[in-house]
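Structure file target-v6.cif (mmCIF, C-alpha atoms (C1' of nucleotides)) is printed below.
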```
data_start
#
loop_
_atom_site.label_atom_id
_atom_site.label_comp_id
_atom_site.auth_asym_id
_atom_site.auth_seq_id
_atom_site.Cartn_x
_atom_site.Cartn_y
_atom_site.Cartn_z
CA MET A 1 115.05 45.60 80.37
CA ALA A 2 112.99 46.30 83.45
CA ARG A 3 112.47 49.95 84.14
CA ARG A 4 113.55 51.03 87.61
CA SER A 5 110.36 50.95 89.63
CA THR A 6 108.90 54.05 91.26
CA VAL A 7 109.38 52.73 94.75
CA ASP A 8 113.07 52.07 94.07
CA ARG A 9 113.60 55.57 92.80
CA ARG A 10 111.77 57.05 95.74
CA SER A 11 113.73 55.15 98.34
CA GLU A 12 116.91 55.94 96.45
CA ILE A 13 116.06 59.62 96.74
CA LEU A 14 115.31 59.21 100.43
CA SER A 15 118.55 57.44 101.14
CA GLU A 16 120.63 59.97 99.22
CA ALA A 17 118.72 62.77 100.94
CA ALA A 18 119.66 61.34 104.32
CA LYS A 19 123.33 61.31 103.36
CA LEU A 20 123.22 64.80 101.85
CA PHE A 21 121.23 66.42 104.67
CA HIS A 22 123.64 64.87 107.12
CA ALA A 23 126.69 66.06 105.24
CA LYS A 24 125.61 69.65 104.55
CA GLY A 25 122.65 70.25 106.84
CA TYR A 26 119.06 70.44 105.68
CA GLY A 27 119.11 74.14 104.90
CA ALA A 28 122.33 74.06 102.93
CA ALA A 29 121.45 70.97 100.91
CA SER A 30 119.80 71.91 97.64
CA MET A 31 117.39 69.88 95.60
CA ARG A 32 119.74 70.26 92.64
CA ASP A 33 122.57 68.77 94.69
CA LEU A 34 120.34 65.91 95.66
CA ALA A 35 119.16 65.35 92.10
CA GLY A 36 122.76 65.13 91.01
CA LYS A 37 123.45 62.35 93.51
CA VAL A 38 120.42 60.41 92.35
CA GLY A 39 121.25 61.00 88.71
CA MET A 40 118.42 63.14 87.42
CA GLU A 41 117.28 66.74 87.15
CA ALA A 42 115.85 68.45 90.22
CA ALA A 43 112.43 68.83 88.66
CA SER A 44 112.24 65.12 87.87
CA MET A 45 112.31 64.21 91.53
CA TYR A 46 108.89 65.71 91.96
CA ASN A 47 107.48 62.73 90.09
CA HIS A 48 108.45 60.70 93.17
CA ILE A 49 108.23 63.09 96.11
CA ARG A 50 105.95 65.89 97.16
CA SER A 51 108.48 68.38 98.49
CA LYS A 52 111.81 68.82 100.23
CA ASP A 53 109.93 69.05 103.52
CA GLU A 54 108.41 65.66 102.90
CA LEU A 55 111.86 64.09 102.65
CA LEU A 56 112.84 65.48 106.02
CA GLU A 57 109.55 64.42 107.55
CA VAL A 58 109.78 60.84 106.32
CA LEU A 59 113.36 60.51 107.51
CA CYS A 60 112.66 61.94 110.96
CA PHE A 61 109.60 59.81 111.68
CA GLU A 62 111.09 56.65 110.25
CA VAL A 63 113.82 56.99 112.85
CA GLY A 64 111.61 58.24 115.65
CA ASP A 65 109.03 55.49 115.21
CA GLY A 66 111.82 52.93 115.12
CA TYR A 67 113.09 54.02 118.50
CA LEU A 68 109.61 54.14 120.00
CA ASN A 69 108.73 50.65 118.78
CA ARG A 70 111.89 49.18 120.22
CA LEU A 71 111.34 50.97 123.51
CA ASN A 72 107.86 49.50 123.78
CA GLU A 73 109.19 46.00 123.15
CA ILE A 74 111.90 46.47 125.74
CA SER A 75 109.58 47.97 128.34
CA ALA A 76 107.11 45.11 127.95
CA SER A 77 109.81 42.43 128.24
CA ASP A 78 110.60 40.64 131.47
CA LEU A 79 114.26 41.58 131.48
CA SER A 80 115.85 43.10 134.58
CA TYR A 81 116.19 46.86 134.56
CA VAL A 82 119.92 46.66 134.04
CA GLU A 83 119.29 44.42 131.06
CA LYS A 84 116.61 46.76 129.74
CA LEU A 85 119.07 49.63 129.82
CA ARG A 86 121.58 47.45 128.06
CA ALA A 87 118.99 46.73 125.37
CA ILE A 88 118.27 50.43 124.92
CA ILE A 89 121.95 51.24 124.58
CA ARG A 90 122.29 48.40 122.07
CA THR A 91 119.32 49.73 120.10
CA HIS A 92 120.87 53.17 119.80
CA ILE A 93 124.20 51.81 118.69
CA ARG A 94 122.67 49.46 116.16
CA MET A 95 120.45 52.16 114.72
CA MET A 96 123.45 54.45 114.34
CA ILE A 97 125.52 51.81 112.64
CA ASP A 98 122.80 50.46 110.35
CA ASN A 99 121.01 53.69 109.62
CA GLY A 100 123.53 56.38 110.43
CA PRO A 101 122.62 59.20 108.07
CA ALA A 102 118.90 59.09 108.80
CA VAL A 103 119.49 58.92 112.54
CA ASN A 104 121.75 61.91 112.34
CA VAL A 105 119.26 63.91 110.29
CA ALA A 106 116.57 63.13 112.86
CA ASN A 107 118.91 64.24 115.63
CA HIS A 108 120.17 67.42 114.03
CA ASP A 109 117.67 68.74 111.49
CA TRP A 110 114.30 68.04 113.07
CA LYS A 111 114.12 71.75 113.88
CA HIS A 112 113.44 72.45 110.22
CA LEU A 113 110.32 70.32 110.06
CA PRO A 114 107.20 72.22 109.00
CA PRO A 115 105.17 73.34 112.04
CA ALA A 116 102.63 70.52 112.15
CA ALA A 117 105.23 67.78 111.76
CA LEU A 118 107.51 69.58 114.18
CA LYS A 119 104.83 69.41 116.85
CA ARG A 120 104.25 65.71 116.29
CA PHE A 121 107.97 65.02 116.35
CA ILE A 122 108.53 66.83 119.62
CA GLU A 123 105.64 64.95 121.16
CA ALA A 124 107.03 61.62 119.96
CA ARG A 125 110.43 62.44 121.36
CA LYS A 126 108.88 63.45 124.66
CA ARG A 127 107.06 60.12 124.77
CA TYR A 128 110.34 58.35 124.22
CA GLU A 129 112.07 60.30 126.94
CA LYS A 130 109.19 59.64 129.34
CA GLY A 131 109.43 55.94 128.62
CA VAL A 132 113.15 55.72 129.30
CA ALA A 133 112.79 57.92 132.39
CA GLN A 134 110.19 55.51 133.72
CA LEU A 135 112.58 52.60 133.30
CA LEU A 136 115.22 54.53 135.21
CA GLU A 137 112.84 55.36 138.03
CA GLU A 138 111.56 51.82 138.31
CA GLY A 139 115.11 50.52 138.25
CA MET A 140 116.03 52.83 141.11
CA ALA A 141 112.93 51.88 143.06
CA ALA A 142 113.78 48.21 142.56
CA GLY A 143 117.25 48.87 143.93
CA GLU A 144 118.99 47.83 140.71
CA LEU A 145 120.11 51.35 139.87
CA ARG A 146 121.90 53.97 141.90
CA ARG A 147 119.59 56.72 143.15
CA MET A 148 120.17 59.98 141.32
CA ASP A 149 118.28 62.77 139.57
CA THR A 150 116.25 60.98 136.91
CA THR A 151 116.25 63.79 134.39
CA VAL A 152 119.99 64.24 134.50
CA ALA A 153 120.54 60.50 134.21
CA LEU A 154 118.08 60.31 131.31
CA PHE A 155 119.72 62.96 129.19
CA THR A 156 123.21 61.88 130.00
CA LEU A 157 122.34 58.36 128.93
CA LEU A 158 120.63 59.41 125.71
CA SER A 159 123.34 61.87 124.84
CA SER A 160 126.20 59.51 125.46
CA VAL A 161 125.14 57.18 122.67
CA ARG A 162 124.81 59.93 120.08
CA TRP A 163 128.46 60.25 119.26
CA VAL A 164 128.67 56.88 117.54
CA GLU A 165 127.44 57.89 114.13
CA PRO A 166 129.68 60.85 113.37
CA TRP A 167 132.68 58.85 114.43
CA TYR A 168 131.95 55.24 113.60
CA LYS A 169 133.10 54.23 110.15
CA PRO A 170 133.26 50.65 108.86
CA GLY A 171 137.00 51.10 108.45
CA ARG A 172 137.62 51.65 112.16
CA ALA A 173 138.91 48.58 113.83
CA ILE A 174 136.26 48.19 116.47
CA ALA A 175 133.46 45.66 116.34
CA PRO A 176 129.91 46.74 117.23
CA GLU A 177 129.94 44.17 120.03
CA VAL A 178 133.00 45.74 121.65
CA LEU A 179 131.50 49.16 121.24
CA GLU A 180 128.29 48.09 122.94
CA GLU A 181 130.12 46.34 125.73
CA THR A 182 132.42 49.27 126.46
CA ILE A 183 129.71 51.92 126.48
CA THR A 184 127.46 49.74 128.59
CA THR A 185 130.23 49.07 131.08
CA LEU A 186 131.06 52.75 131.32
CA LEU A 187 127.47 53.84 131.88
CA LEU A 188 126.58 51.04 134.28
CA ASN A 189 129.82 50.76 136.27
CA GLY A 190 131.53 54.09 135.69
CA LEU A 191 135.01 55.21 134.74
CA ARG A 192 136.45 54.91 138.20
CA ASN A 193 138.42 51.84 139.09
CA PRO A 194 136.69 50.21 142.09
CA ALA A 195 139.92 48.56 143.24
CA MET B 1 125.21 111.32 124.74
CA ALA B 2 127.88 108.75 124.03
CA ARG B 3 127.44 107.00 120.73
CA ARG B 4 127.39 103.21 120.97
CA SER B 5 130.95 102.20 120.34
CA THR B 6 132.01 100.03 117.43
CA VAL B 7 133.19 97.22 119.66
CA ASP B 8 129.83 97.12 121.43
CA ARG B 9 127.93 96.89 118.19
CA ARG B 10 130.21 94.17 116.91
CA SER B 11 129.92 92.01 119.99
CA GLU B 12 126.18 92.62 120.00
CA ILE B 13 126.05 91.25 116.45
CA LEU B 14 128.16 88.28 117.47
CA SER B 15 126.01 87.46 120.45
CA GLU B 16 122.77 87.73 118.47
CA ALA B 17 124.34 85.68 115.68
CA ALA B 18 125.12 82.91 118.15
CA LYS B 19 121.50 82.81 119.29
CA LEU B 20 120.11 82.95 115.78
CA PHE B 21 122.47 80.37 114.28
CA HIS B 22 121.65 78.09 117.17
CA ALA B 23 117.91 78.56 116.77
CA LYS B 24 117.66 78.17 112.99
CA GLY B 25 120.94 76.66 111.91
CA TYR B 26 123.70 78.57 110.12
CA GLY B 27 122.35 77.92 106.64
CA ALA B 28 118.80 78.90 107.41
CA ALA B 29 119.69 82.04 109.35
CA SER B 30 119.72 85.07 107.08
CA MET B 31 121.64 88.27 107.51
CA ARG B 32 118.37 90.18 107.31
CA ASP B 33 117.00 88.14 110.20
CA LEU B 34 120.12 88.88 112.17
CA ALA B 35 120.06 92.57 111.34
CA GLY B 36 116.48 92.71 112.63
CA LYS B 37 117.53 91.29 115.99
CA VAL B 38 120.36 93.78 116.30
CA GLY B 39 118.14 96.64 115.17
CA MET B 40 119.64 97.75 111.89
CA GLU B 41 119.58 97.01 108.19
CA ALA B 42 121.48 94.02 106.87
CA ALA B 43 123.85 96.15 104.86
CA SER B 44 124.75 98.24 107.91
CA MET B 45 126.26 95.26 109.66
CA TYR B 46 129.04 95.21 107.13
CA ASN B 47 130.43 98.30 108.80
CA HIS B 48 131.25 96.02 111.75
CA ILE B 49 131.87 92.60 110.28
CA ARG B 50 133.51 91.22 107.19
CA SER B 51 131.06 88.49 106.23
CA LYS B 52 128.60 85.92 107.51
CA ASP B 53 131.40 83.38 107.41
CA GLU B 54 133.46 85.55 109.73
CA LEU B 55 130.71 85.44 112.37
CA LEU B 56 130.70 81.65 112.32
CA GLU B 57 134.46 81.53 112.41
CA VAL B 58 134.79 83.86 115.40
CA LEU B 59 132.11 81.98 117.34
CA CYS B 60 133.61 78.57 116.66
CA PHE B 61 137.17 79.46 117.60
CA GLU B 62 136.17 81.51 120.63
CA VAL B 63 134.59 78.35 122.00
CA GLY B 64 137.25 75.96 120.75
CA ASP B 65 140.11 78.01 122.15
CA GLY B 66 138.28 78.30 125.46
CA TYR B 67 138.09 74.54 125.79
CA LEU B 68 141.72 74.07 124.79
CA ASN B 69 142.98 76.65 127.28
CA ARG B 70 141.07 75.06 130.13
CA LEU B 71 142.31 71.63 129.15
CA ASN B 72 145.89 72.82 129.23
CA GLU B 73 145.41 74.29 132.70
CA ILE B 74 143.83 71.10 133.95
CA SER B 75 146.46 68.84 132.40
CA ALA B 76 149.26 70.86 133.94
CA SER B 77 147.68 70.87 137.39
CA ASP B 78 148.64 68.40 140.11
CA LEU B 79 145.12 67.09 140.61
CA SER B 80 144.45 63.37 140.66
CA TYR B 81 143.13 61.92 137.40
CA VAL B 82 139.68 61.51 138.82
CA GLU B 83 139.73 65.13 139.85
CA LYS B 84 141.02 66.16 136.44
CA LEU B 85 138.10 64.42 134.80
CA ARG B 86 135.79 66.12 137.23
CA ALA B 87 137.30 69.47 136.25
CA ILE B 88 136.79 68.72 132.56
CA ILE B 89 133.17 67.80 133.10
CA ARG B 90 132.69 70.96 135.13
CA THR B 91 134.26 73.01 132.37
CA HIS B 92 131.86 71.64 129.78
CA ILE B 93 128.83 72.26 131.94
CA ARG B 94 129.90 75.77 132.86
CA MET B 95 130.64 76.66 129.24
CA MET B 96 127.22 75.38 128.22
CA ILE B 97 125.45 77.34 130.91
CA ASP B 98 127.41 80.57 130.54
CA ASN B 99 127.89 80.54 126.81
CA GLY B 100 125.22 78.18 125.53
CA PRO B 101 124.41 79.55 122.07
CA ALA B 102 128.03 79.90 120.98
CA VAL B 103 128.91 76.45 122.28
CA ASN B 104 126.03 74.96 120.39
CA VAL B 105 126.97 76.74 117.20
CA ALA B 106 130.51 75.42 117.52
CA ASN B 107 129.15 71.92 118.09
CA HIS B 108 126.58 71.88 115.31
CA ASP B 109 127.53 74.34 112.57
CA TRP B 110 131.29 74.05 112.34
CA LYS B 111 130.75 72.03 109.17
CA HIS B 112 129.83 75.24 107.37
CA LEU B 113 133.13 76.96 108.08
CA PRO B 114 134.99 78.02 104.95
CA PRO B 115 137.61 75.43 103.95
CA ALA B 116 140.69 77.00 105.55
CA ALA B 117 138.96 77.67 108.87
CA LEU B 118 137.33 74.26 108.73
CA LYS B 119 140.72 72.62 108.54
CA ARG B 120 142.03 74.61 111.49
CA PHE B 121 138.93 73.85 113.51
CA ILE B 122 139.15 70.12 112.92
CA GLU B 123 142.79 70.17 113.92
CA ALA B 124 142.00 72.08 117.11
CA ARG B 125 139.27 69.63 118.00
CA LYS B 126 141.59 66.74 117.36
CA ARG B 127 144.14 68.32 119.67
CA TYR B 128 141.49 68.59 122.35
CA GLU B 129 140.43 64.98 121.93
CA LYS B 130 144.04 63.83 122.06
CA GLY B 131 144.56 65.75 125.28
CA VAL B 132 141.56 64.24 127.01
CA ALA B 133 142.44 60.79 125.69
CA GLN B 134 145.88 61.13 127.23
CA LEU B 135 144.36 61.94 130.62
CA LEU B 136 142.21 58.85 130.35
CA GLU B 137 145.15 56.65 129.43
CA GLU B 138 147.33 58.01 132.19
CA GLY B 139 144.49 57.58 134.66
CA MET B 140 144.13 53.96 133.63
CA ALA B 141 147.85 53.37 133.84
CA ALA B 142 147.88 54.91 137.32
CA GLY B 143 145.09 52.54 138.36
CA GLU B 144 142.66 55.34 139.11
CA LEU B 145 140.43 54.54 136.18
CA ARG B 146 138.87 51.31 135.00
CA ARG B 147 140.66 49.79 132.00
CA MET B 148 138.60 50.12 128.83
CA ASP B 149 138.92 51.17 125.21
CA THR B 150 140.23 54.74 125.39
CA THR B 151 138.55 55.99 122.25
CA VAL B 152 135.14 54.74 123.26
CA ALA B 153 135.53 56.20 126.73
CA LEU B 154 136.71 59.49 125.27
CA PHE B 155 133.77 60.01 122.95
CA THR B 156 131.22 58.77 125.44
CA LEU B 157 132.55 61.23 127.99
CA LEU B 158 132.61 64.17 125.60
CA SER B 159 129.22 63.34 124.18
CA SER B 160 127.52 62.89 127.52
CA VAL B 161 128.04 66.51 128.50
CA ARG B 162 126.65 67.90 125.25
CA TRP B 163 123.00 67.57 126.10
CA VAL B 164 123.08 70.27 128.75
CA GLU B 165 122.69 73.29 126.55
CA PRO B 166 119.61 72.33 124.52
CA TRP B 167 117.86 71.32 127.69
CA TYR B 168 119.15 73.56 130.45
CA LYS B 169 117.12 76.71 130.93
CA PRO B 170 117.46 79.10 133.86
CA GLY B 171 113.85 78.31 134.75
CA ARG B 172 114.52 74.63 135.39
CA ALA B 173 114.78 73.89 139.05
CA ILE B 174 118.23 72.37 139.10
CA ALA B 175 121.34 74.13 140.27
CA PRO B 176 124.54 73.89 138.22
CA GLU B 177 126.24 72.29 141.23
CA VAL B 178 123.69 69.47 141.38
CA LEU B 179 123.98 69.02 137.64
CA GLU B 180 127.74 68.73 137.85
CA GLU B 181 127.60 66.38 140.79
CA THR B 182 125.05 64.06 139.19
CA ILE B 183 126.76 63.81 135.83
CA THR B 184 130.12 63.30 137.47
CA THR B 185 128.76 60.57 139.73
CA LEU B 186 127.13 58.83 136.81
CA LEU B 187 130.23 58.88 134.65
CA LEU B 188 132.66 57.98 137.42
CA ASN B 189 130.58 55.46 139.36
CA GLY B 190 127.97 54.30 136.88
CA LEU B 191 124.22 53.84 136.93
CA ARG B 192 124.30 50.45 138.59
CA ASN B 193 123.68 50.25 142.31
CA PRO B 194 126.76 48.64 143.88
CA ALA B 195 124.73 47.32 146.81
"C1'" DC C 1 130.41 127.01 113.31
"C1'" DC C 2 133.01 124.09 110.26
"C1'" DT C 3 135.09 119.79 108.99
"C1'" DG C 4 135.47 114.97 108.95
"C1'" DC C 5 134.26 110.47 109.61
"C1'" DA C 6 131.92 106.50 111.67
"C1'" DG C 7 127.91 104.38 110.95
"C1'" DA C 8 123.47 104.18 109.48
"C1'" DC C 9 120.54 104.13 105.28
"C1'" DT C 10 118.35 102.80 100.29
"C1'" DA C 11 118.79 100.34 96.18
"C1'" DA C 12 120.39 97.01 93.68
"C1'" DC C 13 123.50 93.13 92.01
"C1'" DA C 14 124.05 88.27 90.64
"C1'" DA C 15 123.30 83.83 92.35
"C1'" DT C 16 120.63 80.32 94.07
"C1'" DC C 17 116.61 78.52 96.19
"C1'" DG C 18 112.18 75.19 95.88
"C1'" DT C 19 108.85 74.44 92.81
"C1'" DT C 20 105.60 74.40 88.62
"C1'" DA C 21 104.26 74.07 83.73
"C1'" DG C 22 104.63 72.08 79.62
"C1'" DT C 23 106.96 68.85 76.60
"C1'" DT C 24 109.49 64.84 75.20
"C1'" DT C 25 111.38 60.40 75.95
"C1'" DT C 26 110.90 55.65 77.35
"C1'" DG C 27 109.07 51.24 78.33
"C1'" DT C 28 104.93 48.26 78.68
"C1'" DT C 29 100.72 46.29 76.92
"C1'" DC C 30 97.50 45.04 73.51
"C1'" DG D 1 103.04 49.17 65.64
"C1'" DA D 2 99.48 51.96 68.14
"C1'" DA D 3 98.15 53.61 72.50
"C1'" DC D 4 98.92 54.68 77.08
"C1'" DA D 5 101.27 56.06 81.21
"C1'" DA D 6 105.35 56.74 83.91
"C1'" DA D 7 109.14 59.41 84.35
"C1'" DA D 8 112.49 62.03 82.45
"C1'" DC D 9 113.57 66.63 80.40
"C1'" DT D 10 113.89 72.13 79.53
"C1'" DA D 11 112.61 76.54 80.93
"C1'" DA D 12 111.10 79.53 83.87
"C1'" DC D 13 108.63 81.58 88.04
"C1'" DG D 14 109.01 84.48 92.21
"C1'" DA D 15 111.36 84.71 96.41
"C1'" DT D 16 115.35 85.09 99.03
"C1'" DT D 17 120.24 84.86 99.62
"C1'" DG D 18 124.95 87.43 100.87
"C1'" DT D 19 127.00 91.33 99.54
"C1'" DT D 20 128.38 95.93 97.30
"C1'" DA D 21 127.89 100.78 95.89
"C1'" DG D 22 126.63 105.07 96.84
"C1'" DT D 23 124.35 108.40 99.85
"C1'" DC D 24 122.81 110.65 103.93
"C1'" DT D 25 123.01 111.65 108.98
"C1'" DG D 26 124.69 113.07 113.29
"C1'" DC D 27 128.11 113.43 116.71
"C1'" DA D 28 133.27 114.74 117.97
"C1'" DG D 29 137.34 117.71 117.69
"C1'" DG D 30 139.26 122.10 116.31
#
```
Just give me the structure as structure tokens.
Amino acid sequence: MARRSTVDRRSEILSEAAKLFHAKGYGAASMRDLAGKVGMEAASMYNHIRSKDELLEVLCFEVGDGYLNRLNEISASDLSYVEKLRAIIRTHIRMMIDNGPAVNVANHDWKHLPPAALKRFIEARKRYEKGVAQLLEEGMAAGELRRMDTTVALFTLLSSVRWVEPWYKPGRAIAPEVLEETITTLLLNGLRNPA
Amino acid sequence: MARRSTVDRRSEILSEAAKLFHAKGYGAASMRDLAGKVGMEAASMYNHIRSKDELLEVLCFEVGDGYLNRLNEISASDLSYVEKLRAIIRTHIRMMIDNGPAVNVANHDWKHLPPAALKRFIEARKRYEKGVAQLLEEGMAAGELRRMDTTVALFTLLSSVRWVEPWYKPGRAIAPEVLEETITTLLLNGLRNPA
DNA sequence: CCTGCAGACTAACAATCGTTAGTTTTGTTC
DNA sequence: GAACAAAACTAACGATTGTTAGTCTGCAGG
């Protein structure tokens, strides 16, 4: 019988940590809780991880780097600005659906990162925001997007795709494609009926 | 010299608790931290409050009830549906600006409410969501709003006004009126340039 | 001036936290 | 089966948690 490999155990801990941190919050989630979910004693986990902080750090940067990489791909593509925005919205929704707990931990518990990691994380997020803001500005300059305050548009856009994870469950009768289409329509064309 | 009244001390504790819970998260905020901000020993606070849980509970329902009351006023008014939505957006922005820490605690730390309060809070939030969803549906039926999935529109709308508090600081050079106008324009008319 | 009480204090409680040390179990390799 | 290492365990550490008990202080009303 093959022994469960170290890397399996480690990623199992990480994935359970994401779920637990999301459910109870980083501060309220205990290592003993987490160990229980993974099926071992708390002390045993330290054969696979360095610390509780490390778990949070790995989860946050895994998510953050994912977003940044996708943004770079999208920015460098030759899509129209409207289509680039669509791609960004799609990225957020897909990340939430595929990777919900980790995304939520990165969104809600990054404050508890140790100081050095916290600084890096804030910088990474700022880079992401700058990148999306640039797309918005260029899209306005190109006449594809309505002229409005870039910062307000940026945060409204980023915020409006954050609700998916807490609400979206596989059981709900709405396909990811419909979700994407509806949110995109709302953000691009607005709630108001043009008729 | 008038002694600081009990009610003052209590509301001072509540207001500092809102700031501290927001800054560190409910779980990570300790009563000794809080006592330091208020300027007394941790034990002394128990002359004014019942428990840490009570602080969270008061903050969450203060905010929740505020939103529900405003929604009821708006629903009962004879505004158009577009104007009702505008009023809801304005309410969210004003609450964030005037009452930021408490609003953020209610949004982020309600999970840590004790079971009975948690149940009540979830029910209240569901009532609020139902109320806004009804406005959206009626607005669509009346032809004022674009036809789309109500649930998706609901959560996108509610989520898109949540970013204000973490970002909005008095120092930032943007007036609440501009903020309201930009967000409203975006949500009602969309990002895309109609030209 | 005396009495009473609200409201602050000190000290301590039991529980729980993340983590470490040291030991034992378990599976793989010769 | 002997030897080795990975990974589990038990036990405990020091710190911190929310909270309680008991005491002291200082202002208000008579």
Query raised in the report: Nearest to Leu187 (chain A): which of A:Leu71, A:Ile89, A:Phe121, A:Ala29 is it, counting all atoms listed in the file?
Result: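 Among the listed residues, A:Ile89 lies closest to Leu187 (chain A).
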Query - Who sits within 8 Å of Val132 (chain B), all atoms listed in the file, same chain under 4 positions skipped, as a list in words - result: Leu71, Tyr128, Leu136 and Leu154 of chain B
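Within 8 Å of chain C, and using all atoms listed in the file, the residues found on chain A are A:Arg3, A:Ser30, A:Met31, A:Ala43, A:Lys52.
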Requested in this report: Could you tell me which residues the PyMOL selection byres ((chain B) within 7 of (chain A)) returns for this structure, as an MDAnalysis selection string?
Outcome: chainID B and resid 27:28 143:146 148:149 152 155:156 159:163 179 182:183 186:193
Report task. Would you translate the PyMOL selection byres ((chain D) within 9 of (chain B)) into the concrete set of residues it matches in this file, as a ChimeraX atom specification? Result -> /D:17-20,27
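CA of Ala133 (chain A) is found 11.9 Å from CA of Ile88 (chain A).
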Query raised in the report: What gap, in Å, lies between CA of Ala87 (chain B) and CA of Ala117 (chain B)?
Result: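 Result for CA of Ala87 (chain B) versus CA of Ala117 (chain B): 28.6 Å, one decimal.
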Centre, x/y/z edge lengths, axis-aligned box for region 12-25 of chain B with 5 Å per side, as JSON:
```
{"center_x": 122.9, "center_y": 84.6, "center_z": 116.2, "size_x": 20.5, "size_y": 26.0, "size_z": 18.5}
```
Report task. Would you mind reading off the distance between CA of Lys130 (chain B) and CA of Met96 (chain B), one decimal, in Å? Result ->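 Straight-line distance from CA of Lys130 (chain B) to CA of Met96 (chain B) works out to 21.3 Å.
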Query raised in the report: Residues at most 10 Å from Tyr67 (chain A), counting all atoms listed in the file, excluding those fewer than 6 positions away in the same chain, as a list in words?
Result: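 In the requested form, the answer reads Phe61, Ile88, Thr91, His92, Met95, Ala124, Arg125 and Tyr128 of chain A.
The result of the PyMOL selection byres ((chain D and resi 8) around 7) on the shown file is Ser44 of chain A; DT25 of chain C; DA7 and DC9 of chain D.
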Report task. Determine, counting all atoms listed in the file, which protein, DNA and RNA residues have an atom within 10 Å of an atom of Leu34 (chain A); residues of the same chain fewer than 4 positions away are not included. Present the result as a PyMOL selection string. Result -> chain A and resi 13-14+16-21+29-30+38-42+45
